$ cat structure23.txt   # compact mmCIF, C-alpha atoms
# COMPACT_ATOMS: atom_id res chain seq x y z
CA MET A 1 -79.39 -11.32 -30.38
CA THR A 2 -77.26 -8.15 -30.49
CA SER A 3 -78.59 -5.33 -32.63
CA TRP A 4 -76.00 -3.32 -34.52
CA VAL A 5 -78.36 -0.51 -35.46
CA GLY A 6 -77.56 2.50 -33.32
CA ARG A 7 -73.98 1.40 -32.67
CA THR A 8 -71.09 3.62 -33.66
CA ALA A 9 -68.88 2.88 -36.64
CA ALA A 10 -65.98 2.23 -34.26
CA GLU A 11 -68.04 -0.32 -32.31
CA ILE A 12 -69.24 -2.09 -35.44
CA ALA A 13 -65.78 -2.28 -37.00
CA ALA A 14 -64.29 -3.65 -33.78
CA ALA A 15 -67.01 -6.32 -33.56
CA VAL A 16 -66.47 -7.38 -37.18
CA ARG A 17 -62.69 -7.55 -36.77
CA GLU A 18 -63.13 -9.65 -33.62
CA LYS A 19 -65.64 -11.95 -35.38
CA ARG A 20 -68.45 -10.99 -32.99
CA ALA A 21 -70.49 -9.88 -35.98
CA THR A 22 -70.45 -10.45 -39.72
CA PRO A 23 -70.62 -7.64 -42.26
CA ARG A 24 -73.72 -9.26 -43.77
CA GLU A 25 -75.73 -9.22 -40.55
CA VAL A 26 -74.70 -5.62 -39.80
CA VAL A 27 -75.60 -4.42 -43.30
CA ALA A 28 -78.85 -6.43 -43.36
CA GLU A 29 -80.03 -4.84 -40.10
CA HIS A 30 -79.39 -1.36 -41.45
CA LEU A 31 -81.10 -2.15 -44.76
CA ASP A 32 -84.15 -3.32 -42.79
CA ARG A 33 -84.20 -0.02 -40.92
CA ILE A 34 -83.93 1.93 -44.16
CA ALA A 35 -86.85 -0.03 -45.62
CA ARG A 36 -88.92 0.65 -42.51
CA LEU A 37 -88.19 4.36 -41.98
CA ASP A 38 -87.03 6.03 -45.16
CA GLY A 39 -90.53 6.46 -46.54
CA ARG A 40 -90.99 9.03 -43.76
CA VAL A 41 -87.50 10.56 -43.80
CA GLY A 42 -86.51 10.63 -47.48
CA ALA A 43 -82.77 10.23 -46.90
CA PHE A 44 -81.99 7.99 -49.88
CA ARG A 45 -82.28 8.59 -53.60
CA THR A 46 -81.39 4.96 -54.21
CA VAL A 47 -80.71 1.97 -51.95
CA ARG A 48 -78.23 -0.70 -53.06
CA ALA A 49 -79.76 -3.59 -51.11
CA GLU A 50 -78.57 -6.57 -53.17
CA ALA A 51 -75.25 -5.03 -54.10
CA ALA A 52 -74.56 -3.99 -50.51
CA LEU A 53 -75.20 -7.50 -49.18
CA ALA A 54 -72.93 -8.98 -51.83
CA GLU A 55 -70.21 -6.47 -50.99
CA ALA A 56 -70.66 -7.19 -47.28
CA ASP A 57 -69.99 -10.86 -48.02
CA GLU A 58 -66.81 -9.88 -49.85
CA VAL A 59 -65.63 -7.92 -46.83
CA GLY A 60 -66.47 -10.85 -44.57
CA ALA A 61 -64.44 -13.19 -46.75
CA SER A 62 -61.41 -10.92 -46.56
CA GLY A 63 -58.42 -12.47 -44.89
CA ASP A 64 -57.16 -9.21 -43.41
CA LEU A 65 -60.06 -7.84 -41.35
CA ALA A 66 -57.58 -6.62 -38.74
CA ASP A 67 -56.31 -4.09 -41.25
CA LEU A 68 -59.77 -2.62 -42.01
CA PRO A 69 -60.61 0.39 -39.81
CA LEU A 70 -64.23 0.41 -41.09
CA ALA A 71 -64.71 -3.34 -41.40
CA GLY A 72 -68.36 -4.06 -42.26
CA VAL A 73 -69.56 -0.52 -41.49
CA PRO A 74 -72.58 0.57 -43.59
CA VAL A 75 -72.06 3.99 -45.14
CA ALA A 76 -74.24 6.32 -47.21
CA VAL A 77 -72.79 8.49 -49.98
CA LYS A 78 -74.00 11.89 -51.10
CA ASP A 79 -75.39 11.77 -54.62
CA ASN A 80 -72.78 14.03 -56.17
CA LEU A 81 -69.91 11.55 -55.69
CA ALA A 82 -69.45 8.61 -58.04
CA VAL A 83 -70.24 5.12 -56.79
CA ARG A 84 -69.22 2.40 -59.22
CA GLY A 85 -72.25 0.86 -60.93
CA GLU A 86 -74.65 3.62 -59.84
CA SER A 87 -75.71 6.82 -61.55
CA THR A 88 -74.79 10.19 -60.05
CA ARG A 89 -77.90 12.36 -60.36
CA ILE A 90 -77.04 15.38 -58.17
CA GLY A 91 -80.73 15.89 -57.43
CA SER A 92 -81.63 16.82 -60.98
CA ALA A 93 -83.69 15.63 -63.94
CA ALA A 94 -81.01 17.19 -66.15
CA THR A 95 -78.32 14.67 -65.19
CA PRO A 96 -77.95 11.36 -67.07
CA ASP A 97 -79.04 8.09 -65.46
CA THR A 98 -75.75 6.45 -66.45
CA PRO A 99 -73.85 4.15 -64.08
CA ALA A 100 -70.43 5.36 -62.99
CA GLU A 101 -67.51 3.21 -64.13
CA GLU A 102 -65.32 3.99 -61.10
CA ASP A 103 -65.69 5.11 -57.51
CA HIS A 104 -64.82 8.64 -56.50
CA VAL A 105 -61.50 8.55 -54.65
CA THR A 106 -63.19 9.12 -51.28
CA VAL A 107 -65.66 6.29 -51.91
CA ALA A 108 -62.77 4.06 -52.95
CA ARG A 109 -60.95 4.86 -49.71
CA LEU A 110 -64.02 4.03 -47.63
CA ARG A 111 -64.43 0.72 -49.43
CA ALA A 112 -60.73 -0.07 -49.07
CA ALA A 113 -61.17 0.47 -45.32
CA GLY A 114 -63.95 -2.15 -45.25
CA ALA A 115 -67.03 0.08 -45.43
CA VAL A 116 -70.08 -1.04 -47.42
CA VAL A 117 -72.00 1.54 -49.47
CA VAL A 118 -75.72 0.94 -48.87
CA GLY A 119 -77.05 3.80 -50.97
CA LEU A 120 -76.82 7.31 -52.40
CA THR A 121 -78.55 10.14 -50.57
CA ASN A 122 -80.84 12.94 -51.65
CA VAL A 123 -79.52 16.41 -52.40
CA PRO A 124 -81.02 19.64 -53.76
CA GLU A 125 -80.50 20.16 -57.48
CA LEU A 126 -76.77 20.54 -58.23
CA CYS A 127 -76.22 20.77 -54.45
CA VAL A 128 -76.93 24.49 -54.52
CA PHE A 129 -79.21 25.16 -51.55
CA GLY A 130 -79.34 24.68 -47.78
CA THR A 131 -82.58 22.68 -47.97
CA THR A 132 -82.86 19.25 -49.59
CA GLU A 133 -85.81 18.71 -51.89
CA GLY A 134 -86.45 18.33 -55.59
CA VAL A 135 -87.71 16.10 -58.33
CA LEU A 136 -85.79 13.09 -56.94
CA GLY A 137 -86.83 13.36 -53.30
CA THR A 138 -87.14 15.42 -50.10
CA ALA A 139 -84.96 14.81 -47.03
CA ARG A 140 -86.59 15.63 -43.70
CA ASN A 141 -85.05 16.17 -40.28
CA PRO A 142 -85.58 12.91 -38.35
CA TRP A 143 -85.96 14.93 -35.14
CA ASP A 144 -88.78 17.02 -36.62
CA LEU A 145 -90.23 15.62 -39.81
CA SER A 146 -92.00 18.89 -40.55
CA ARG A 147 -88.59 20.53 -41.11
CA THR A 148 -85.95 20.13 -43.81
CA ALA A 149 -82.84 18.15 -42.95
CA GLY A 150 -80.86 21.05 -44.41
CA GLY A 151 -78.55 20.93 -47.37
CA SER A 152 -76.94 20.17 -49.46
CA SER A 153 -75.78 16.98 -47.68
CA GLY A 154 -79.29 16.70 -46.25
CA GLY A 155 -79.95 13.11 -47.22
CA SER A 156 -76.64 11.94 -45.76
CA ALA A 157 -77.31 13.75 -42.48
CA ALA A 158 -80.86 12.41 -42.27
CA ALA A 159 -79.63 8.85 -42.86
CA VAL A 160 -77.17 9.04 -39.96
CA SER A 161 -79.53 10.89 -37.65
CA ALA A 162 -82.25 8.28 -38.23
CA GLY A 163 -79.85 5.42 -37.46
CA MET A 164 -80.03 4.07 -41.01
CA VAL A 165 -76.22 4.16 -41.18
CA PRO A 166 -73.65 5.02 -38.50
CA ILE A 167 -71.66 7.34 -40.80
CA ALA A 168 -72.14 9.05 -44.15
CA LEU A 169 -70.09 10.92 -46.72
CA GLY A 170 -70.98 14.47 -47.70
CA ASN A 171 -69.33 17.66 -48.81
CA ASP A 172 -69.37 21.34 -48.00
CA GLY A 173 -69.09 24.30 -50.41
CA LEU A 174 -70.63 27.05 -48.23
CA GLY A 175 -71.91 24.97 -45.30
CA SER A 176 -73.35 21.85 -46.91
CA LEU A 177 -71.97 19.51 -44.22
CA ARG A 178 -72.32 21.80 -41.22
CA ILE A 179 -75.88 23.01 -41.95
CA PRO A 180 -77.55 19.56 -42.06
CA ALA A 181 -75.32 18.27 -39.25
CA ALA A 182 -76.47 21.15 -37.04
CA ASN A 183 -80.11 20.51 -37.92
CA CYS A 184 -79.89 16.78 -37.34
CA GLY A 185 -77.71 16.63 -34.21
CA LEU A 186 -74.55 15.26 -35.82
CA VAL A 187 -70.82 15.85 -35.67
CA THR A 188 -69.09 16.93 -38.85
CA ILE A 189 -65.85 18.53 -39.88
CA LYS A 190 -65.24 20.45 -43.07
CA PRO A 191 -61.51 19.88 -43.43
CA GLY A 192 -59.19 22.59 -44.60
CA TYR A 193 -58.20 22.94 -48.23
CA GLY A 194 -56.30 19.95 -49.60
CA VAL A 195 -56.65 17.69 -46.54
CA VAL A 196 -59.14 15.34 -48.24
CA PRO A 197 -59.35 14.90 -52.03
CA ALA A 198 -62.18 17.01 -53.42
CA GLY A 199 -63.05 16.33 -57.06
CA ILE A 200 -66.57 17.64 -56.57
CA SER A 201 -68.25 18.79 -59.79
CA ASP A 202 -66.29 21.12 -62.08
CA GLY A 203 -63.56 22.86 -60.12
CA ASP A 204 -64.81 22.24 -56.57
CA TRP A 205 -66.52 25.64 -56.52
CA PHE A 206 -63.17 27.37 -57.06
CA GLY A 207 -61.55 25.23 -54.37
CA MET A 208 -64.16 25.99 -51.70
CA SER A 209 -65.79 22.53 -51.59
CA GLU A 210 -64.44 19.79 -49.32
CA ASN A 211 -65.52 16.20 -48.67
CA GLY A 212 -66.01 15.14 -45.07
CA PRO A 213 -67.73 12.85 -42.56
CA LEU A 214 -71.13 12.93 -40.91
CA ALA A 215 -71.23 10.97 -37.64
CA THR A 216 -72.91 10.72 -34.26
CA THR A 217 -69.70 10.86 -32.20
CA VAL A 218 -66.41 12.73 -32.40
CA GLU A 219 -64.61 9.37 -32.39
CA ASP A 220 -66.45 8.28 -35.54
CA ALA A 221 -65.83 11.64 -37.23
CA ARG A 222 -62.11 11.34 -36.45
CA LEU A 223 -62.04 7.73 -37.67
CA MET A 224 -63.78 8.51 -40.95
CA LEU A 225 -61.68 11.62 -41.55
CA SER A 226 -58.55 9.52 -41.10
CA VAL A 227 -59.77 7.12 -43.79
CA LEU A 228 -60.69 9.97 -46.14
CA THR A 229 -57.28 11.62 -45.78
CA GLY A 230 -55.60 8.37 -46.80
CA THR A 231 -52.80 9.00 -44.32
CA GLU A 232 -52.10 8.28 -40.68
CA PRO A 233 -55.04 8.48 -38.27
CA VAL A 234 -56.04 11.99 -37.16
CA ARG A 235 -54.75 11.68 -33.63
CA ARG A 236 -55.78 13.54 -30.53
CA ASP A 237 -54.02 16.86 -30.21
CA GLY A 238 -53.46 16.76 -26.45
CA SER A 239 -51.44 19.99 -26.30
CA GLY A 240 -53.27 21.69 -23.44
CA SER A 241 -54.97 25.04 -23.09
CA ARG A 242 -56.22 26.88 -26.17
CA ARG A 243 -57.18 30.51 -26.71
CA VAL A 244 -60.85 30.46 -27.72
CA ALA A 245 -62.71 33.47 -29.10
CA VAL A 246 -66.49 33.45 -28.63
CA SER A 247 -68.59 35.41 -31.12
CA LEU A 248 -72.32 35.85 -31.62
CA ARG A 249 -71.92 38.33 -34.44
CA SER A 250 -73.36 37.22 -37.78
CA PRO A 251 -70.77 37.34 -40.58
CA LEU A 252 -73.56 38.40 -42.94
CA ALA A 253 -74.92 41.80 -41.98
CA GLY A 254 -78.43 42.25 -40.64
CA ILE A 255 -79.13 38.68 -39.47
CA THR A 256 -80.20 38.18 -35.86
CA ILE A 257 -79.35 35.09 -33.83
CA GLY A 258 -82.12 33.06 -32.23
CA LYS A 259 -82.00 32.67 -28.46
CA PRO A 260 -81.38 28.87 -28.42
CA TYR A 261 -78.29 29.24 -30.61
CA ALA A 262 -76.92 32.15 -28.57
CA THR A 263 -77.52 30.19 -25.37
CA ALA A 264 -75.76 27.14 -26.82
CA VAL A 265 -72.65 29.21 -27.57
CA ARG A 266 -72.55 30.76 -24.09
CA GLU A 267 -72.93 27.37 -22.42
CA ALA A 268 -70.39 25.73 -24.72
CA ALA A 269 -67.95 28.51 -23.82
CA GLY A 270 -68.48 27.59 -20.18
CA VAL A 271 -67.71 23.95 -20.95
CA LEU A 272 -64.47 24.91 -22.66
CA MET A 273 -63.51 27.13 -19.72
CA LYS A 274 -64.04 24.16 -17.38
CA SER A 275 -61.77 22.16 -19.66
CA GLY A 276 -58.97 24.64 -19.01
CA HIS A 277 -59.11 26.83 -22.09
CA GLN A 278 -58.76 30.62 -22.17
CA VAL A 279 -62.14 31.81 -23.39
CA ARG A 280 -62.96 35.42 -24.29
CA ARG A 281 -65.66 37.29 -26.18
CA ALA A 282 -64.22 38.61 -29.45
CA ASP A 283 -65.70 39.19 -32.90
CA PRO A 284 -63.73 38.47 -36.08
CA PRO A 285 -63.35 41.53 -38.32
CA TYR A 286 -65.78 40.37 -40.97
CA PRO A 287 -65.84 42.85 -43.87
CA ALA A 288 -69.12 44.56 -44.74
CA SER A 289 -68.74 43.14 -48.26
CA LEU A 290 -68.88 39.52 -47.07
CA SER A 291 -72.53 39.06 -48.00
CA LEU A 292 -71.83 40.06 -51.61
CA THR A 293 -68.65 37.96 -51.73
CA SER A 294 -70.57 34.91 -50.49
CA LEU A 295 -73.41 35.43 -52.96
CA ALA A 296 -70.99 35.96 -55.85
CA HIS A 297 -69.13 32.71 -55.18
CA TRP A 298 -72.31 30.78 -54.42
CA THR A 299 -73.93 31.75 -57.72
CA ALA A 300 -70.72 31.55 -59.75
CA GLY A 301 -70.13 27.96 -58.58
CA THR A 302 -73.61 27.08 -59.79
CA ALA A 303 -73.01 28.81 -63.12
CA VAL A 304 -69.99 26.60 -63.72
CA ASP A 305 -71.77 23.42 -62.57
CA ALA A 306 -74.83 24.09 -64.75
CA GLN A 307 -72.79 24.21 -67.95
CA GLY A 308 -73.45 21.21 -70.14
CA TYR A 309 -76.93 20.50 -68.79
CA ASP A 310 -80.11 21.23 -70.70
CA PRO A 311 -81.44 24.34 -68.92
CA ARG A 312 -85.00 23.28 -69.74
CA LEU A 313 -84.53 20.34 -67.38
CA LEU A 314 -83.24 22.46 -64.49
CA THR A 315 -85.64 24.01 -61.98
CA ARG A 316 -86.25 27.73 -62.21
CA ARG A 317 -84.39 28.59 -58.99
CA THR A 318 -81.28 26.78 -60.29
CA ARG A 319 -81.47 28.50 -63.68
CA VAL A 320 -81.75 31.93 -62.08
CA HIS A 321 -78.93 31.16 -59.64
CA ALA A 322 -76.67 30.16 -62.52
CA THR A 323 -77.67 33.17 -64.61
CA VAL A 324 -76.84 35.56 -61.76
CA GLY A 325 -73.53 33.78 -61.21
CA ARG A 326 -72.20 34.06 -64.75
CA ARG A 327 -71.10 37.63 -64.19
CA PHE A 328 -69.05 36.57 -61.16
CA VAL A 329 -67.22 33.51 -62.53
CA ARG A 330 -64.09 35.34 -63.67
CA GLY A 331 -63.64 37.11 -60.34
CA ALA A 332 -64.32 33.93 -58.37
CA ARG A 333 -61.70 32.07 -60.36
CA ALA A 334 -59.17 34.82 -59.76
CA GLY A 335 -59.60 34.36 -56.01
CA GLU A 336 -58.64 37.91 -55.04
CA SER A 337 -61.59 38.49 -52.70
CA ARG A 338 -60.89 35.22 -50.88
CA GLU A 339 -57.24 36.12 -50.42
CA GLN A 340 -58.26 39.54 -49.08
CA LEU A 341 -60.58 37.84 -46.59
CA ARG A 342 -57.79 35.52 -45.43
CA ARG A 343 -55.42 38.45 -44.92
CA ARG A 344 -58.09 40.33 -42.98
CA LEU A 345 -58.85 37.40 -40.65
CA GLU A 346 -55.34 36.02 -40.09
CA PRO A 347 -54.38 38.58 -37.38
CA PHE A 348 -57.49 37.58 -35.41
CA PHE A 349 -56.41 33.94 -35.54
CA ALA A 350 -52.88 34.91 -34.52
CA GLU A 351 -54.47 36.10 -31.27
CA TYR A 352 -56.91 33.16 -30.90
CA ASP A 353 -56.46 29.48 -31.73
CA VAL A 354 -60.14 28.64 -32.16
CA LEU A 355 -63.34 30.56 -32.88
CA LEU A 356 -66.62 29.41 -31.28
CA THR A 357 -69.86 30.58 -32.93
CA PRO A 358 -73.43 29.36 -33.38
CA ALA A 359 -73.66 26.74 -36.12
CA LEU A 360 -76.91 28.31 -37.36
CA ALA A 361 -78.88 31.46 -36.63
CA ARG A 362 -82.24 29.71 -36.28
CA ARG A 363 -83.96 26.40 -36.95
CA SER A 364 -84.26 25.10 -40.46
CA PRO A 365 -87.15 26.01 -42.77
CA LYS A 366 -90.19 23.80 -43.18
CA ALA A 367 -89.79 20.75 -45.40
CA ALA A 368 -91.59 22.04 -48.48
CA PRO A 369 -91.24 22.15 -52.29
CA TRP A 370 -88.62 24.91 -52.16
CA HIS A 371 -87.49 23.91 -55.65
CA GLU A 372 -90.83 25.19 -56.93
CA ARG A 373 -90.47 28.56 -55.19
CA GLY A 374 -88.80 31.72 -56.41
CA TRP A 375 -85.05 32.23 -56.46
CA LEU A 376 -85.01 35.25 -54.12
CA ARG A 377 -87.22 33.51 -51.59
CA ASN A 378 -84.78 30.58 -51.52
CA VAL A 379 -81.73 32.81 -51.17
CA LEU A 380 -83.25 34.82 -48.33
CA ALA A 381 -84.43 31.72 -46.46
CA ASN A 382 -81.01 30.08 -46.76
CA SER A 383 -79.06 33.17 -45.74
CA ALA A 384 -81.31 33.97 -42.79
CA TYR A 385 -80.74 30.66 -41.08
CA SER A 386 -77.17 29.88 -42.07
CA PRO A 387 -74.93 32.97 -42.03
CA PHE A 388 -72.07 31.43 -40.01
CA THR A 389 -70.76 28.80 -42.42
CA PRO A 390 -69.71 30.60 -45.67
CA PRO A 391 -66.61 32.50 -44.46
CA TRP A 392 -64.68 29.31 -43.79
CA ASN A 393 -65.18 27.95 -47.30
CA LEU A 394 -64.05 31.29 -48.70
CA THR A 395 -60.87 31.13 -46.59
CA GLY A 396 -60.42 27.37 -47.02
CA TRP A 397 -60.00 26.86 -43.26
CA PRO A 398 -61.36 23.89 -41.23
CA ALA A 399 -64.65 24.20 -39.36
CA MET A 400 -66.83 21.83 -37.33
CA SER A 401 -70.45 21.58 -36.26
CA VAL A 402 -70.95 20.02 -32.83
CA PRO A 403 -74.34 19.23 -31.22
CA PHE A 404 -75.08 21.32 -28.13
CA GLY A 405 -78.43 21.67 -26.40
CA THR A 406 -81.90 21.55 -27.91
CA LEU A 407 -84.42 23.83 -29.56
CA PRO A 408 -87.88 24.41 -28.02
CA SER A 409 -89.21 21.76 -30.43
CA GLY A 410 -86.84 19.18 -28.96
CA ALA A 411 -84.71 19.08 -32.11
CA PRO A 412 -80.95 19.50 -31.67
CA CYS A 413 -79.07 22.79 -31.45
CA ALA A 414 -75.37 23.15 -32.35
CA VAL A 415 -72.22 25.25 -32.21
CA GLN A 416 -69.41 25.78 -34.70
CA LEU A 417 -65.66 25.55 -34.10
CA VAL A 418 -63.21 27.17 -36.56
CA GLY A 419 -59.43 27.13 -36.80
CA LEU A 420 -56.51 27.93 -39.06
CA PRO A 421 -55.22 25.49 -41.70
CA GLY A 422 -53.88 22.33 -40.11
CA SER A 423 -55.99 22.64 -36.94
CA GLU A 424 -58.34 19.70 -37.62
CA ALA A 425 -56.90 17.74 -34.67
CA VAL A 426 -57.34 20.75 -32.37
CA LEU A 427 -60.98 21.20 -33.37
CA LEU A 428 -61.69 17.50 -32.88
CA GLU A 429 -60.07 17.61 -29.45
CA LEU A 430 -62.25 20.52 -28.32
CA ALA A 431 -65.33 18.84 -29.76
CA GLU A 432 -64.48 15.70 -27.81
CA GLN A 433 -64.22 17.71 -24.61
CA ILE A 434 -67.65 19.20 -25.27
CA GLU A 435 -69.03 15.72 -25.96
CA ARG A 436 -67.58 14.37 -22.73
CA LEU A 437 -69.05 17.10 -20.54
CA ARG A 438 -72.29 17.68 -22.47
CA PRO A 439 -73.13 14.40 -24.25
CA TRP A 440 -75.98 14.39 -26.76
CA GLN A 441 -78.58 11.88 -27.83
CA ARG A 442 -77.03 10.30 -30.87
CA THR A 443 -80.05 9.33 -32.98
CA ALA A 444 -83.58 10.63 -33.37
CA PRO A 445 -86.39 8.77 -31.54
CA LEU A 446 -88.21 7.59 -34.65
CA ASP A 447 -89.25 4.11 -33.44
$ encode --input "structure23.txt" --output "structure tokens"
Amino acid sequence: MTSWVGRTAAEIAAAVREKRATPREVVAEHLDRIARLDGRVGAFRTVRAEAALAEADEVGASGDLADLPLAGVPVAVKDNLAVRGESTRIGSAATPDTPAEEDHVTVARLRAAGAVVVGLTNVPELCVFGTTEGVLGTARNPWDLSRTAGGSSGGSAAAVSAGMVPIALGNDGLGSLRIPAANCGLVTIKPGYGVVPAGISDGDWFGMSENGPLATTVEDARLMLSVLTGTEPVRRDGSGSRRVAVSLRSPLAGITIGKPYATAVREAAGVLMKSGHQVRRADPPYPASLSLTSLAHWTAGTAVDAQGYDPRLLTRRTRVHATVGRRFVRGARAGESREQLRRRLEPFFAEYDVLLTPALARRSPKAAPWHERGWLRNVLANSAYSPFTPPWNLTGWPAMSVPFGTLPSGAPCAVQLVGLPGSEAVLLELAEQIERLRPWQRTAPLD
């Protein structure tokens, strides 16, 4: 008997369309794996076992399987996006346990493509931090269960990395797709502004938050992104040599880069050179004020999101984060500092097509009750290991995390690719070239 656990979304969908597998058997196998492993990993806040099997049967009974790019593919959804019939808790005791009446547009598009939602995944409270833990659950890195999966899409990343689903839906406001993807050895792309519908919380963190895929292959990331855009498939770029800038400079001042991440960037640069690209060392002109700009927008987004919730039911770190952010909301809404950053960086990207950086500065923190620790300790821990992701939410430009190499612990390492608006296909093409020449182990060895 063929096992569909560990197969890619593209492989599963092809098998279902060709009647070599049924959606029910595919979904049932993945539900069995969730039941067996998630007690150790903590990826899911809730699992929709009965509902998922019923929905798998509906997909199987469809008369137009050939038109479903994700036919029968199990998918996990981050618990800040509405799934019809399920509550959206956003990792907090302050949120109501009330079932959503309609799917979020991205969930609806996945379902329309034939995907089956098997559950909602754990997030830190209000999706604020780069570690995933709280009163509703803790998501661990399947490659190293002593470490956090990252955040805020930590549960979604852990689910894919553990082979519980082949793909998952997450979102990224200052790195919340790329951070857990880098920790867990996954491919992700934060699309540029407006490419995929957002509709994340109240105002999408001033337009900085984007929905996107978490996958084990570039092909699956491209496939899922195409479904999320609701347009034609994101095709291969195929336009030849690109000018690639390689930088090891932290955008946030004073943060040093760990040796494994620096090595990964140097070796990835070599891979891109072998693929025919023009690769040079060059640092973007990050402003000295970028740390303050990032903190202001990070806290201001939380201040807006926390409105309407009983503060007594929020954890202390979230309350402090929101309180700090209130003074920055007006400026964040005005968007002047983000426009200044775009103007400052555009000449650099006129000279280079793509920027290659580390995805992280060092491995993720220990899986621990960070929600019970002080606000400053959380902010410093998050900033110290993830300084490379925030600039590209502030600009609204696309950015990817791509697995590359390993850490001394054996957990995955990763690099980041960044481009100008509209360069999603270019980034995916370069990521595919890296994957071809330096393939990675797709799922963690948990069995």
$ closest_residue --input "structure23.txt" --among "A:Leu290, A:Val304, A:Leu313, A:Val279" --to "A:Ser337" --atoms "only C-alpha atoms"
A:Leu290
$ residues_around --input "structure23.txt" --residues "A:Ala159" --least-positions-apart "2" --cutoff "8 Å" --atoms "all atoms listed in the file" --output "list in words"
Ala43, Phe44, Ala76, Thr121, Gly155, Ser156, Ala157, Ser161, Ala162, Gly163, Met164, Val165 and Ala168 of chain A
$ axis_aligned_box --input "structure23.txt" --around "stretch 277-283 of chain A" --padding-each-side "5 Å" --output "JSON"
{"center_x": -62.2, "center_y": 33.0, "center_z": -27.5, "size_x": 16.9, "size_y": 22.4, "size_z": 20.8}
$ closest_atom_pairs --input "structure23.txt" --of "stretch 273-296 of chain A" --to "stretch 357-366 of chain A" --cutoff "12 Å" --atoms "only C-alpha atoms" --output "CSV"
residue,atom,partner,partner_atom,distance
A:Arg281,CA,A:Thr357,CA,10.4
A:Ala282,CA,A:Thr357,CA,10.4
A:Asp283,CA,A:Thr357,CA,9.6
A:Pro284,CA,A:Thr357,CA,10.5
$ atom_distance --input "structure23.txt" --atom1 "atom CA of A:Val128" --atom2 "atom CA of A:Asp172"
10.5 Å
$ build_atoms --input "structure23.txt" --residues "stretch 115-119 of chain A" --atoms "all heavy atoms" --output "tab-separated table (two decimals), in the coordinates of the input"
chain	number	residue	atom	x	y	z
A	115	ALA	N	-65.66	-0.43	-45.48
A	115	ALA	CA	-67.03	0.08	-45.43
A	115	ALA	C	-67.84	-0.47	-46.60
A	115	ALA	O	-67.30	-0.79	-47.66
A	115	ALA	CB	-67.04	1.60	-45.45
A	116	VAL	N	-69.15	-0.54	-46.40
A	116	VAL	CA	-70.08	-1.04	-47.42
A	116	VAL	C	-71.07	0.07	-47.76
A	116	VAL	O	-71.80	0.56	-46.89
A	116	VAL	CB	-70.85	-2.28	-46.91
A	116	VAL	CG1	-71.84	-2.75	-47.96
A	116	VAL	CG2	-69.87	-3.41	-46.55
A	117	VAL	N	-71.11	0.47	-49.03
A	117	VAL	CA	-72.00	1.54	-49.47
A	117	VAL	C	-73.41	0.98	-49.62
A	117	VAL	O	-73.66	0.14	-50.49
A	117	VAL	CB	-71.52	2.16	-50.79
A	117	VAL	CG1	-72.50	3.23	-51.26
A	117	VAL	CG2	-70.12	2.74	-50.64
A	118	VAL	N	-74.35	1.46	-48.80
A	118	VAL	CA	-75.72	0.94	-48.87
A	118	VAL	C	-76.63	1.79	-49.75
A	118	VAL	O	-77.72	1.35	-50.12
A	118	VAL	CB	-76.35	0.82	-47.46
A	118	VAL	CG1	-75.57	-0.17	-46.60
A	118	VAL	CG2	-76.44	2.17	-46.77
A	119	GLY	N	-76.20	3.00	-50.11
A	119	GLY	CA	-77.05	3.80	-50.97
A	119	GLY	C	-76.51	5.20	-51.19
A	119	GLY	O	-75.52	5.61	-50.57
